[in-house]
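**Student:** Would you mind keeping the following structure in view while I ask a few things?
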Amino acid sequence: MQLTILAFGIAKDILGRRELQLEVPDDTTVRDLKDRLLERYPEFSRLVSLAIAVNSEYSAEDVLLQERDEIALIPPVSGG
Amino acid sequence: MQLTILAFGIAKDILGRRELQLEVPDDTTVRDLKDRLLERYPEFSRLVSLAIAVNSEYSAEDVLLQERDEIALIPPVSGG
Amino acid sequence: MKIDIQLKHGSLSPQQCIDWVSSPRVGGIDVFVGTVREQTQGRPVLYLDFEAYEPMAVAEMRKIAETACERWPIERIAIHHRVGKLEIGDLAVVIAVSTPHRKAAFDACQYAIDTLKKTVPIWKKEVFTDGEVWVAAHP
Amino acid sequence: MKIDIQLKHGSLSPQQCIDWVSSPRVGGIDVFVGTVREQTQGRPVLYLDFEAYEPMAVAEMRKIAETACERWPIERIAIHHRVGKLEIGDLAVVIAVSTPHRKAAFDACQYAIDTLKKTVPIWKKEVFTDGEVWVAAHP
């Protein structure tokens, strides 16, 4: 299946774009996606943290992703 | 000597006036003044507390009063 | 001048206090606003009357601000208290504290209002439909 | 409706937040205002750029307000955050909490800003004369 991944803050700079299309196997979990991104973009491993939001909620690592999910990369937040 | 004593809040109600003139011996301390007032106006003993300010400062009980001092009765405060 | 103390007979403005404590060196501002509630322990209040021993009240508010400035890295602090007749919803006190980092602003502002309520010679009379009472006078 | 969450592209107004949380049932209001400082660790900042994952940021701010309302007896709570380009002295966030008694207002307001800084997907880029940096991204 094909996932659409939104990127914000420094994650957007690392990807070089605001939105990434990624072809992944059907049984991909949040953890699998993170591993794949870390492999392809080693700079992510230098961040303090990298969370994944699925449909506007922080997601656990073992959640299975669906093609229609809105997926977002959440580097360390710094609002306020 | 003659002291002029300012009264605020419920102390003003107890004295029935905003300012009291009181003839006292020359070596009167803050504690003596309080004793005298409590004797003459027993209602003061029903208050949570009664402090005396001398020249706009909370005063210790053993301070000797002077005729020119500005003396004020400070019942429990309730600002804010 | 980093301290602004005011005892006012007219209405208070939180925005004015915030503007006064603002500066480019500030990261956080904490503001406390004390307002007149419609009831005390279920008894409806008509209005309040605040009386102050004015010179001493100003001096005690200044002491609070000075002590706060010794204890915390404060950029600016404003303490404004109103006296006279206040209606329900009116502002009785506004305290604004600005600091480089926010934790100190919260701590200093809370210290200021807690201490103000203990030491500043201001008295509040609650007026009800069937009587009136000096708050906190009796046990 | 006791919760007001806003993510704004224009300037914030503390007075508007205070007015919104005010009510005759309220005795204390605590307000936190986060402003843009002129420097970070001695390095002068030109301006800041705040970016948000907007729907999630609004949802996370709402969660904070809801949790605060469960933990403290809150009358009303407003959380306004600004996004986009901010200059030195601009307001980045305003949180106002009103409660019957003041202690809960301080505690809830501090909880709200502390949690906001940990969970709400908003990112701050500091722009200096000689470069820029996403705050808190790297150790």
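As shown in the structure tokens, the chain order sets the letters A, B, ...; within each chain, residues go from 1, and ligands are also counted from 1 in the order they appear.
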Considering only C-alpha atoms, extract the chain B residues located within 8 Å of chain C and return them as a list in words.
**Tutor:** Phe8, Gly9, Ile10, Arg46, Leu47, Val48, Ser49, Ser56, Glu57, Ile74, Pro75, Pro76, Val77, Ser78, Gly79 and Gly80 of chain B
**Student:** Show which residues sit within 9 Å of Ala68 in chain D, as a list of chain:residue names. Count only C-alpha atoms, and ignore same-chain residues fewer than 2 positions away.
**Tutor:** D:Lys63, D:Ile64, D:Ala65, D:Glu66, D:Glu70, D:Arg71, D:Trp72, D:Pro73, D:Ile74, D:Ile77, D:Ala108, D:Cys109, D:Tyr111, D:Ala112
**Student:** Store the residues of this selection in a file with N, CA and C atoms, as a tab-separated table (two decimals), in the first residue's frame.
**Tutor:**
```tsv
chain	number	residue	atom	x	y	z
D	63	LYS	N	-7.34	18.68	24.71
D	63	LYS	CA	-7.12	17.62	25.71
D	63	LYS	C	-6.57	18.19	27.01
D	64	ILE	N	-5.61	19.11	26.88
D	64	ILE	CA	-5.02	19.73	28.07
D	64	ILE	C	-6.10	20.45	28.88
D	65	ALA	N	-6.94	21.19	28.18
D	65	ALA	CA	-8.01	21.93	28.87
D	65	ALA	C	-8.99	20.96	29.53
D	66	GLU	N	-9.31	19.88	28.83
D	66	GLU	CA	-10.26	18.91	29.39
D	66	GLU	C	-9.68	18.22	30.62
D	70	GLU	N	-10.93	18.29	34.59
D	70	GLU	CA	-11.20	17.11	35.43
D	70	GLU	C	-10.47	17.21	36.77
D	71	ARG	N	-9.27	17.79	36.74
D	71	ARG	CA	-8.44	17.80	37.95
D	71	ARG	C	-8.74	18.95	38.89
D	72	TRP	N	-9.18	20.09	38.35
D	72	TRP	CA	-9.41	21.27	39.20
D	72	TRP	C	-10.81	21.80	38.96
D	73	PRO	N	-11.38	22.49	39.96
D	73	PRO	CA	-12.72	23.07	39.79
D	73	PRO	C	-12.66	24.34	38.96
D	74	ILE	N	-12.55	24.15	37.65
D	74	ILE	CA	-12.36	25.29	36.74
D	74	ILE	C	-13.70	25.83	36.26
D	77	ILE	N	-11.63	28.04	30.88
D	77	ILE	CA	-10.21	28.04	30.51
D	77	ILE	C	-10.07	28.40	29.03
D	108	ALA	N	-3.67	24.93	37.73
D	108	ALA	CA	-4.18	24.51	36.43
D	108	ALA	C	-3.47	25.25	35.30
D	109	CYS	N	-3.18	26.52	35.50
D	109	CYS	CA	-2.53	27.30	34.45
D	109	CYS	C	-1.10	26.80	34.23
D	111	TYR	N	0.00	23.77	34.96
D	111	TYR	CA	-0.15	22.46	34.31
D	111	TYR	C	-0.34	22.64	32.81
D	112	ALA	N	-1.19	23.59	32.44
D	112	ALA	CA	-1.54	23.76	31.02
D	112	ALA	C	-0.31	24.18	30.20
```
**Student:** In Å, with one decimal, what is the gap from CA of Gln6 in chain D to CA of Pro14 in chain C?
**Tutor:** 20.6 Å
**Student:** Ranking D:Phe32, D:Trp20, D:Phe128, D:Tyr47 by minimum distance to chain C and counting only C-alpha atoms, which one comes first?
**Tutor:**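 Smallest distance to chain C is found for D:Phe32.
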**Student:** Once chain A is fitted onto chain B over all Cα atoms in order, please give the RMSD.
**Tutor:**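 The fitted C-alpha deviation between chain B and chain A is 0.0 Å.
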**Student:** Near Val45 in chain D, within 10 Å and counting only C-alpha atoms, which residues show up once chain neighbours fewer than 4 positions away are dropped, as an mmCIF file with N, CA, C and O atoms, in the first residue's frame?
**Tutor:**
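Final file, around-v5.cif:
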```
data_model
loop_
_atom_site.group_PDB
_atom_site.id
_atom_site.type_symbol
_atom_site.label_atom_id
_atom_site.label_comp_id
_atom_site.auth_asym_id
_atom_site.auth_seq_id
_atom_site.Cartn_x
_atom_site.Cartn_y
_atom_site.Cartn_z
ATOM 1 N N VAL D 36 8.112 36.454 23.088
ATOM 2 C CA VAL D 36 9.348 36.174 22.360
ATOM 3 C C VAL D 36 10.476 37.011 22.942
ATOM 4 O O VAL D 36 10.407 38.241 22.943
ATOM 5 N N ARG D 37 11.505 36.316 23.433
ATOM 6 C CA ARG D 37 12.646 37.001 24.023
ATOM 7 C C ARG D 37 13.633 37.434 22.951
ATOM 8 O O ARG D 37 13.728 36.835 21.881
ATOM 9 N N GLU D 38 14.428 38.459 23.288
ATOM 10 C CA GLU D 38 15.362 38.995 22.297
ATOM 11 C C GLU D 38 16.576 38.102 22.077
ATOM 12 O O GLU D 38 17.272 38.214 21.091
ATOM 13 N N GLN D 39 16.821 37.185 23.031
ATOM 14 C CA GLN D 39 17.991 36.331 22.843
ATOM 15 C C GLN D 39 17.840 34.964 23.490
ATOM 16 O O GLN D 39 17.061 34.771 24.417
ATOM 17 N N THR D 40 18.563 33.993 22.936
ATOM 18 C CA THR D 40 18.635 32.652 23.485
ATOM 19 C C THR D 40 20.093 32.395 23.788
ATOM 20 O O THR D 40 20.931 32.431 22.897
ATOM 21 N N GLU D 87 7.776 38.558 16.027
ATOM 22 C CA GLU D 87 8.909 39.444 16.318
ATOM 23 C C GLU D 87 9.172 39.434 17.824
ATOM 24 O O GLU D 87 8.323 39.005 18.618
ATOM 25 N N ILE D 88 10.327 39.981 18.219
ATOM 26 C CA ILE D 88 10.665 40.138 19.638
ATOM 27 C C ILE D 88 9.527 40.878 20.348
ATOM 28 O O ILE D 88 9.053 41.898 19.860
ATOM 29 N N GLU D 126 14.103 29.489 15.539
ATOM 30 C CA GLU D 126 14.731 30.760 15.860
ATOM 31 C C GLU D 126 15.618 31.180 14.700
ATOM 32 O O GLU D 126 16.461 30.396 14.252
ATOM 33 N N VAL D 127 15.420 32.414 14.250
ATOM 34 C CA VAL D 127 16.217 32.910 13.137
ATOM 35 C C VAL D 127 17.179 33.970 13.662
ATOM 36 O O VAL D 127 16.766 34.955 14.272
ATOM 37 N N PHE D 128 18.471 33.700 13.474
ATOM 38 C CA PHE D 128 19.525 34.608 13.918
ATOM 39 C C PHE D 128 20.101 35.335 12.708
ATOM 40 O O PHE D 128 19.744 35.035 11.571
ATOM 41 N N THR D 129 20.991 36.280 12.952
ATOM 42 C CA THR D 129 21.633 36.952 11.816
ATOM 43 C C THR D 129 22.458 35.952 11.000
ATOM 44 O O THR D 129 22.604 36.097 9.789
ATOM 45 N N ASP D 130 22.970 34.932 11.675
ATOM 46 C CA ASP D 130 23.902 34.019 11.013
ATOM 47 C C ASP D 130 23.394 32.576 10.973
ATOM 48 O O ASP D 130 24.177 31.628 11.067
ATOM 49 N N GLY D 131 22.088 32.403 10.849
ATOM 50 C CA GLY D 131 21.588 31.032 10.746
ATOM 51 C C GLY D 131 20.241 30.889 11.418
ATOM 52 O O GLY D 131 19.637 31.868 11.852
ATOM 53 N N GLU D 132 19.758 29.647 11.466
ATOM 54 C CA GLU D 132 18.477 29.399 12.117
ATOM 55 C C GLU D 132 18.487 28.008 12.731
ATOM 56 O O GLU D 132 19.274 27.160 12.328
#
```
